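Colleague: Below is the file query_2.pdb, which contains PDB, C-alpha atoms.
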```
ATOM      1  CA  MET A 147      11.980  66.765 -37.830  1.00  0.00           C
ATOM      2  CA  LEU A 148      12.914  65.958 -34.234  1.00  0.00           C
ATOM      3  CA  PHE A 149      16.008  63.926 -35.138  1.00  0.00           C
ATOM      4  CA  PRO A 150      17.694  63.942 -38.550  1.00  0.00           C
ATOM      5  CA  ALA A 151      17.613  60.553 -40.275  1.00  0.00           C
ATOM      6  CA  PRO A 152      21.017  58.859 -40.306  1.00  0.00           C
ATOM      7  CA  LYS A 153      22.541  57.535 -43.506  1.00  0.00           C
ATOM      8  CA  PHE A 154      22.829  53.770 -43.689  1.00  0.00           C
ATOM      9  CA  ASN A 155      26.357  52.519 -43.041  1.00  0.00           C
ATOM     10  CA  SER A 156      26.776  48.761 -43.445  1.00  0.00           C
ATOM     11  CA  GLY A 157      30.026  48.735 -41.409  1.00  0.00           C
ATOM     12  CA  ILE A 158      28.286  50.212 -38.384  1.00  0.00           C
ATOM     13  CA  TRP A 159      25.378  47.790 -38.638  1.00  0.00           C
ATOM     14  CA  ARG A 160      27.655  44.775 -39.164  1.00  0.00           C
ATOM     15  CA  ARG A 161      29.611  45.754 -36.042  1.00  0.00           C
ATOM     16  CA  PHE A 162      26.361  46.331 -34.162  1.00  0.00           C
ATOM     17  CA  LEU A 163      24.982  42.894 -35.082  1.00  0.00           C
ATOM     18  CA  LEU A 164      28.211  41.145 -34.064  1.00  0.00           C
ATOM     19  CA  LEU A 165      28.392  42.984 -30.735  1.00  0.00           C
ATOM     20  CA  ALA A 166      24.678  42.455 -30.093  1.00  0.00           C
ATOM     21  CA  ALA A 167      25.089  38.716 -30.740  1.00  0.00           C
ATOM     22  CA  GLY A 168      28.055  38.638 -28.350  1.00  0.00           C
ATOM     23  CA  LEU A 169      26.118  40.512 -25.675  1.00  0.00           C
ATOM     24  CA  TYR A 170      23.183  38.142 -26.151  1.00  0.00           C
ATOM     25  CA  LEU A 171      25.510  35.172 -25.586  1.00  0.00           C
ATOM     26  CA  LEU A 172      26.892  36.899 -22.490  1.00  0.00           C
ATOM     27  CA  TRP A 173      23.310  37.397 -21.250  1.00  0.00           C
ATOM     28  CA  PHE A 174      22.417  33.798 -22.076  1.00  0.00           C
ATOM     29  CA  PHE A 175      25.370  32.289 -20.248  1.00  0.00           C
ATOM     30  CA  GLY A 176      25.501  34.881 -17.463  1.00  0.00           C
ATOM     31  CA  TYR A 177      21.834  35.179 -16.648  1.00  0.00           C
ATOM     32  CA  GLU A 178      20.016  32.177 -18.075  1.00  0.00           C
ATOM     33  CA  GLN A 179      22.638  29.696 -16.887  1.00  0.00           C
ATOM     34  CA  TRP A 180      23.776  31.275 -13.632  1.00  0.00           C
ATOM     35  CA  LEU A 181      22.015  34.370 -12.218  1.00  0.00           C
ATOM     36  CA  GLY A 182      18.486  33.341 -13.208  1.00  0.00           C
ATOM     37  CA  PRO A 183      18.599  29.848 -11.707  1.00  0.00           C
ATOM     38  CA  ASP A 184      20.317  31.252  -8.592  1.00  0.00           C
ATOM     39  CA  GLY A 185      17.274  33.502  -8.122  1.00  0.00           C
ATOM     40  CA  ARG A 186      18.701  35.985  -5.621  1.00  0.00           C
ATOM     41  CA  LEU A 187      19.011  38.929  -8.021  1.00  0.00           C
ATOM     42  CA  ASP A 188      15.486  38.394  -9.360  1.00  0.00           C
ATOM     43  CA  ALA A 189      14.102  38.054  -5.822  1.00  0.00           C
ATOM     44  CA  LEU A 190      15.800  41.284  -4.776  1.00  0.00           C
ATOM     45  CA  LEU A 191      14.594  43.249  -7.826  1.00  0.00           C
ATOM     46  CA  THR A 192      11.082  41.825  -7.620  1.00  0.00           C
ATOM     47  CA  ALA A 193      10.711  42.567  -3.902  1.00  0.00           C
ATOM     48  CA  ASN A 194      12.015  46.081  -4.564  1.00  0.00           C
ATOM     49  CA  MET A 195       9.481  46.565  -7.376  1.00  0.00           C
ATOM     50  CA  ALA A 196       6.601  45.375  -5.159  1.00  0.00           C
ATOM     51  CA  GLY A 197       7.689  47.502  -2.190  1.00  0.00           C
ATOM     52  CA  SER A 198       8.303  50.602  -4.276  1.00  0.00           C
ATOM     53  CA  SER A 199       4.953  50.141  -6.035  1.00  0.00           C
ATOM     54  CA  ALA A 200       3.214  49.962  -2.672  1.00  0.00           C
ATOM     55  CA  VAL A 201       4.942  53.199  -1.601  1.00  0.00           C
ATOM     56  CA  LEU A 202       3.927  54.891  -4.878  1.00  0.00           C
ATOM     57  CA  LEU A 203       0.329  53.785  -4.366  1.00  0.00           C
ATOM     58  CA  ARG A 204       0.300  55.010  -0.746  1.00  0.00           C
ATOM     59  CA  VAL A 205       1.624  58.402  -1.908  1.00  0.00           C
ATOM     60  CA  ALA A 206      -1.265  58.446  -4.413  1.00  0.00           C
ATOM     61  CA  GLY A 207      -3.736  57.830  -1.560  1.00  0.00           C
ATOM     62  CA  PHE A 208      -4.334  54.068  -1.800  1.00  0.00           C
ATOM     63  CA  ALA A 209      -4.085  51.627   1.105  1.00  0.00           C
ATOM     64  CA  ALA A 210      -1.311  49.545  -0.457  1.00  0.00           C
ATOM     65  CA  THR A 211       1.216  47.342   1.306  1.00  0.00           C
ATOM     66  CA  VAL A 212       3.390  44.353   0.554  1.00  0.00           C
ATOM     67  CA  GLY A 213       2.281  40.929   1.728  1.00  0.00           C
ATOM     68  CA  ALA A 214       4.160  38.290   3.697  1.00  0.00           C
ATOM     69  CA  ASN A 215       5.391  37.239   0.270  1.00  0.00           C
ATOM     70  CA  PRO A 216       7.506  40.266  -0.675  1.00  0.00           C
ATOM     71  CA  MET A 217       6.454  39.925  -4.320  1.00  0.00           C
ATOM     72  CA  LEU A 218       2.757  40.459  -3.606  1.00  0.00           C
ATOM     73  CA  VAL A 219       1.176  43.925  -3.559  1.00  0.00           C
ATOM     74  CA  LEU A 220      -1.888  44.216  -1.324  1.00  0.00           C
ATOM     75  CA  MET A 221      -4.716  46.746  -1.452  1.00  0.00           C
ATOM     76  CA  ASP A 222      -6.847  47.124   1.656  1.00  0.00           C
ATOM     77  CA  THR A 223      -4.984  44.069   3.043  1.00  0.00           C
ATOM     78  CA  ARG A 224      -6.208  41.893   0.128  1.00  0.00           C
ATOM     79  CA  PRO A 225      -3.767  40.406  -2.406  1.00  0.00           C
ATOM     80  CA  PHE A 226      -3.946  42.182  -5.745  1.00  0.00           C
ATOM     81  CA  VAL A 227      -0.861  41.815  -7.935  1.00  0.00           C
ATOM     82  CA  TYR A 228       1.903  39.242  -7.741  1.00  0.00           C
ATOM     83  CA  ILE A 229       5.078  40.406  -9.471  1.00  0.00           C
ATOM     84  CA  GLY A 230       6.914  37.497 -11.046  1.00  0.00           C
ATOM     85  CA  SER A 231      10.587  37.574 -11.952  1.00  0.00           C
ATOM     86  CA  PRO A 232       9.941  38.174 -15.679  1.00  0.00           C
ATOM     87  CA  TYR A 233       8.247  41.481 -14.757  1.00  0.00           C
ATOM     88  CA  ASN A 234      10.838  42.957 -12.385  1.00  0.00           C
ATOM     89  CA  GLY A 235      12.467  44.928 -15.219  1.00  0.00           C
ATOM     90  CA  LEU A 236      15.847  43.179 -15.389  1.00  0.00           C
ATOM     91  CA  ALA A 237      15.358  41.983 -18.960  1.00  0.00           C
ATOM     92  CA  ILE A 238      14.376  45.446 -20.238  1.00  0.00           C
ATOM     93  CA  TYR A 239      17.338  47.039 -18.451  1.00  0.00           C
ATOM     94  CA  ALA A 240      19.689  44.517 -20.063  1.00  0.00           C
ATOM     95  CA  LEU A 241      18.038  44.948 -23.466  1.00  0.00           C
ATOM     96  CA  PHE A 242      18.399  48.714 -23.306  1.00  0.00           C
ATOM     97  CA  ALA A 243      21.995  48.653 -22.033  1.00  0.00           C
ATOM     98  CA  GLY A 244      22.977  45.996 -24.574  1.00  0.00           C
ATOM     99  CA  PHE A 245      21.740  48.101 -27.461  1.00  0.00           C
ATOM    100  CA  ILE A 246      23.568  51.197 -26.234  1.00  0.00           C
ATOM    101  CA  LEU A 247      26.755  49.175 -25.727  1.00  0.00           C
ATOM    102  CA  ALA A 248      26.523  47.456 -29.124  1.00  0.00           C
ATOM    103  CA  TYR A 249      25.917  50.558 -31.233  1.00  0.00           C
ATOM    104  CA  PRO A 250      29.025  52.742 -31.672  1.00  0.00           C
ATOM    105  CA  GLY A 251      29.283  55.998 -29.835  1.00  0.00           C
ATOM    106  CA  PRO A 252      31.331  57.856 -27.245  1.00  0.00           C
ATOM    107  CA  THR A 253      31.961  56.042 -23.977  1.00  0.00           C
ATOM    108  CA  ARG A 254      31.418  59.239 -21.971  1.00  0.00           C
ATOM    109  CA  THR A 255      27.847  59.483 -23.271  1.00  0.00           C
ATOM    110  CA  ARG A 256      27.216  55.805 -22.530  1.00  0.00           C
ATOM    111  CA  LEU A 257      28.341  56.364 -18.935  1.00  0.00           C
ATOM    112  CA  TRP A 258      25.412  58.696 -18.291  1.00  0.00           C
ATOM    113  CA  LEU A 259      22.853  57.426 -20.827  1.00  0.00           C
ATOM    114  CA  ILE A 260      22.771  53.820 -19.590  1.00  0.00           C
ATOM    115  CA  PRO A 261      22.121  54.612 -15.886  1.00  0.00           C
ATOM    116  CA  VAL A 262      19.706  57.452 -16.697  1.00  0.00           C
ATOM    117  CA  GLY A 263      17.858  55.228 -19.191  1.00  0.00           C
ATOM    118  CA  ILE A 264      17.673  52.348 -16.716  1.00  0.00           C
ATOM    119  CA  ALA A 265      16.408  54.707 -13.994  1.00  0.00           C
ATOM    120  CA  GLY A 266      13.712  55.976 -16.364  1.00  0.00           C
ATOM    121  CA  LEU A 267      12.728  52.423 -17.309  1.00  0.00           C
ATOM    122  CA  TYR A 268      12.606  51.502 -13.606  1.00  0.00           C
ATOM    123  CA  LEU A 269      10.219  54.390 -12.949  1.00  0.00           C
ATOM    124  CA  LEU A 270       8.066  53.407 -15.942  1.00  0.00           C
ATOM    125  CA  ASN A 271       7.934  49.805 -14.747  1.00  0.00           C
ATOM    126  CA  LEU A 272       7.044  51.025 -11.260  1.00  0.00           C
ATOM    127  CA  LEU A 273       4.230  53.111 -12.718  1.00  0.00           C
ATOM    128  CA  ARG A 274       3.117  50.111 -14.789  1.00  0.00           C
ATOM    129  CA  VAL A 275       2.842  47.915 -11.675  1.00  0.00           C
ATOM    130  CA  GLY A 276       0.990  50.643  -9.775  1.00  0.00           C
ATOM    131  CA  VAL A 277      -1.499  51.102 -12.594  1.00  0.00           C
ATOM    132  CA  LEU A 278      -2.038  47.338 -12.805  1.00  0.00           C
ATOM    133  CA  VAL A 279      -2.840  47.252  -9.077  1.00  0.00           C
ATOM    134  CA  VAL A 280      -5.330  50.093  -9.480  1.00  0.00           C
ATOM    135  CA  ASN A 281      -6.716  48.375 -12.587  1.00  0.00           C
ATOM    136  CA  GLN A 282      -7.214  45.177 -10.571  1.00  0.00           C
ATOM    137  CA  TYR A 283      -8.916  47.187  -7.825  1.00  0.00           C
ATOM    138  CA  TYR A 284     -11.399  49.013 -10.065  1.00  0.00           C
ATOM    139  CA  ALA A 285     -11.731  46.903 -13.246  1.00  0.00           C
ATOM    140  CA  TYR A 286     -10.413  43.404 -12.564  1.00  0.00           C
ATOM    141  CA  HIS A 287     -11.911  42.036 -15.787  1.00  0.00           C
ATOM    142  CA  ALA A 288      -9.474  44.138 -17.853  1.00  0.00           C
ATOM    143  CA  VAL A 289      -6.315  43.143 -15.964  1.00  0.00           C
ATOM    144  CA  ALA A 290      -5.317  40.161 -18.127  1.00  0.00           C
ATOM    145  CA  PHE A 291      -5.368  42.241 -21.314  1.00  0.00           C
ATOM    146  CA  ASN A 292      -3.592  45.191 -19.714  1.00  0.00           C
ATOM    147  CA  TYR A 293      -1.043  42.924 -18.047  1.00  0.00           C
ATOM    148  CA  TYR A 294       0.109  41.265 -21.247  1.00  0.00           C
ATOM    149  CA  TYR A 295      -0.805  43.650 -24.072  1.00  0.00           C
ATOM    150  CA  GLY A 296      -1.837  46.882 -22.436  1.00  0.00           C
ATOM    151  CA  ILE A 297      -0.845  50.402 -23.155  1.00  0.00           C
ATOM    152  CA  LEU A 298       1.756  50.385 -20.389  1.00  0.00           C
ATOM    153  CA  THR A 299       3.725  47.586 -22.036  1.00  0.00           C
ATOM    154  CA  VAL A 300       3.584  49.498 -25.305  1.00  0.00           C
ATOM    155  CA  LEU A 301       4.716  52.624 -23.438  1.00  0.00           C
ATOM    156  CA  VAL A 302       7.732  50.864 -21.878  1.00  0.00           C
ATOM    157  CA  TYR A 303       8.905  49.362 -25.166  1.00  0.00           C
ATOM    158  CA  GLY A 304       8.132  52.620 -26.971  1.00  0.00           C
ATOM    159  CA  CYS A 305      10.393  54.447 -24.531  1.00  0.00           C
ATOM    160  CA  ILE A 306      13.174  51.899 -25.052  1.00  0.00           C
ATOM    161  CA  PHE A 307      12.835  52.309 -28.808  1.00  0.00           C
ATOM    162  CA  SER A 308      12.842  56.121 -28.482  1.00  0.00           C
ATOM    163  CA  LEU A 309      15.997  56.046 -26.374  1.00  0.00           C
ATOM    164  CA  TRP A 310      17.662  53.753 -28.920  1.00  0.00           C
ATOM    165  CA  LEU A 311      16.621  56.031 -31.751  1.00  0.00           C
ATOM    166  CA  TYR A 312      17.971  59.017 -29.846  1.00  0.00           C
ATOM    167  CA  TRP A 313      21.281  57.180 -29.365  1.00  0.00           C
ATOM    168  CA  ILE A 314      21.585  56.190 -33.027  1.00  0.00           C
ATOM    169  CA  ARG A 315      20.749  59.624 -34.331  1.00  0.00           C
ATOM    170  CA  GLN A 316      23.252  61.337 -32.049  1.00  0.00           C
ATOM    171  CA  GLN A 317      26.166  59.351 -33.476  1.00  0.00           C
ATOM    172  CA  PRO A 318      28.152  60.373 -36.529  1.00  0.00           C
ATOM    173  CA  GLN A 319      27.527  57.899 -39.336  1.00  0.00           C
ATOM    174  CA  HIS A 320      31.066  56.941 -40.233  1.00  0.00           C
ATOM    175  CA  PRO A 321      32.870  53.622 -39.748  1.00  0.00           C
ATOM    176  CA  PRO A 322      33.692  52.910 -36.073  1.00  0.00           C
ATOM    177  CA  THR A 323      37.148  53.663 -34.765  1.00  0.00           C
ATOM    178  CA  ALA A 324      39.111  52.191 -31.877  1.00  0.00           C
ATOM    179  CA  GLU A 325      37.711  55.025 -29.671  1.00  0.00           C
ATOM    180  CA  GLY A 326      34.016  54.100 -30.343  1.00  0.00           C
TER     181      GLY A 326
END
```
Could you rewrite the structure in this file as structure tokens?

Modeller:
Amino acid sequence: MLFPAPKFNSGIWRRFLLLAAGLYLLWFFGYEQWLGPDGRLDALLTANMAGSSAVLLRVAGFAATVGANPMLVLMDTRPFVYIGSPYNGLAIYALFAGFILAYPGPTRTRLWLIPVGIAGLYLLNLLRVGVLVVNQYYAYHAVAFNYYYGILTVLVYGCIFSLWLYWIRQQPQHPPTAEG
């Protein structure tokens, strides 16, 4: 077995649910009520995702650039994929970090796991956008399915789940302490 199965501890899960609810409220009031409507953070992340995807595609040998709209990836100077704010990765980064923060464990491990996990999710999202551009280029009829339900979405959420599982199974299964 890759990871040993943890024993169920209701104290840990009660604490997790309370912290997760608190972090959700923080996300709701911080992002949904302030950062999201402001739009600058989403615009920055989305433009970065489009630009980085174009670079990745050029490295792979495709004629990709970013359009006058910095959220639009072009192939052979034609518009191919528009990256909207919901797809810039911010929500999955917050979801991942929130889970790691809510579940008890050593702070030192969190300090490296959260940035490394977010960097990995960024790269996966970048790959996802690049593949969608190539998909649009070669098989445009399959883009809608792959965009919303495709294997890359499953891969991203599967990686998040795997990282969470790794985190849970690395922690001792005893009631949290003030250090946790």

Colleague: Select, from A:Ala209, A:Gln316, A:Leu309, A:Arg274, the residue with the minimum atom-to-atom distance to A:Asn292, counting all atoms listed in the file.

Modeller: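 For A:Asn292, the nearest of the candidates is A:Arg274.
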
Colleague: Could you jot down the atom CA of A:Ala200 to atom CA of A:Leu259 separation for me, Å, one decimal place?

Modeller: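 Pair atom CA of A:Ala200 / atom CA of A:Leu259 returns 27.8 Å.
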
Colleague: Output as JSON lines one row per residue of stretch 192-222 of chain A within 12 Å of stretch 232-239 of chain A: the closest atom pair and its distance in Å to one decimal place, counting all atoms listed in the file, sorted by chain and residue number ascending.

Modeller:
```
{"residue": "A:Thr192", "atom": "CA", "partner": "A:Asn234", "partner_atom": "CA", "distance": 4.9}
{"residue": "A:Ala193", "atom": "CA", "partner": "A:Asn234", "partner_atom": "CA", "distance": 8.5}
{"residue": "A:Asn194", "atom": "CA", "partner": "A:Asn234", "partner_atom": "CA", "distance": 8.5}
{"residue": "A:Met195", "atom": "CA", "partner": "A:Asn234", "partner_atom": "CA", "distance": 6.3}
{"residue": "A:Ala196", "atom": "CA", "partner": "A:Asn234", "partner_atom": "CA", "distance": 8.7}
{"residue": "A:Gly197", "atom": "CA", "partner": "A:Asn234", "partner_atom": "CA", "distance": 11.6}
{"residue": "A:Ser198", "atom": "CA", "partner": "A:Asn234", "partner_atom": "CA", "distance": 11.4}
{"residue": "A:Ser199", "atom": "CA", "partner": "A:Asn234", "partner_atom": "CA", "distance": 11.3}
{"residue": "A:Met217", "atom": "CA", "partner": "A:Asn234", "partner_atom": "CA", "distance": 9.7}
```

Colleague: Just say which residues the PyMOL selection byres ((chain A and resi 157-164) around 6) picks in this file, as a PyMOL selection string.

Modeller: chain A and resi 155-156+165-167+248-249+321

Colleague: Convert the output of the PyMOL selection byres ((chain A and resi 299-301) around 12) on the shown file into explicit residues, formatted as an MDAnalysis selection string.

Modeller: chainID A and resid 233 235 238 266:267 269:275 277:278 291:298 302:308

Colleague: By how many Å are atom CA of A:Gly251 and atom CA of A:Tyr170 apart?

Modeller: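 Going from atom CA of A:Gly251 over to atom CA of A:Tyr170 covers 19.2 Å.
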
Colleague: I'd like the interatomic distance between atom CA of A:Leu218 and atom CA of A:Gly276, to a tenth of an Å.

Modeller: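 Straight-line distance from atom CA of A:Leu218 to atom CA of A:Gly276 works out to 12.0 Å.
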
Colleague: Spell out the residues picked by the PyMOL selection byres ((chain A and resi 173) around 12) here, as a list in words.

Modeller: Ala166, Ala167, Gly168, Leu169, Tyr170, Leu171, Leu172, Phe174, Phe175, Gly176, Tyr177, Glu178, Gln179, Trp180, Leu181, Gly182, Leu236, Ala237, Tyr239, Ala240, Leu241, Ala243 and Gly244 of chain A

Colleague: Using all atoms listed in the file, can you tell me which of A:Val201, A:Leu247, A:Val212, A:Ala206 comes closest to A:Phe226?

Modeller: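 Smallest distance to A:Phe226 is found for A:Val212.
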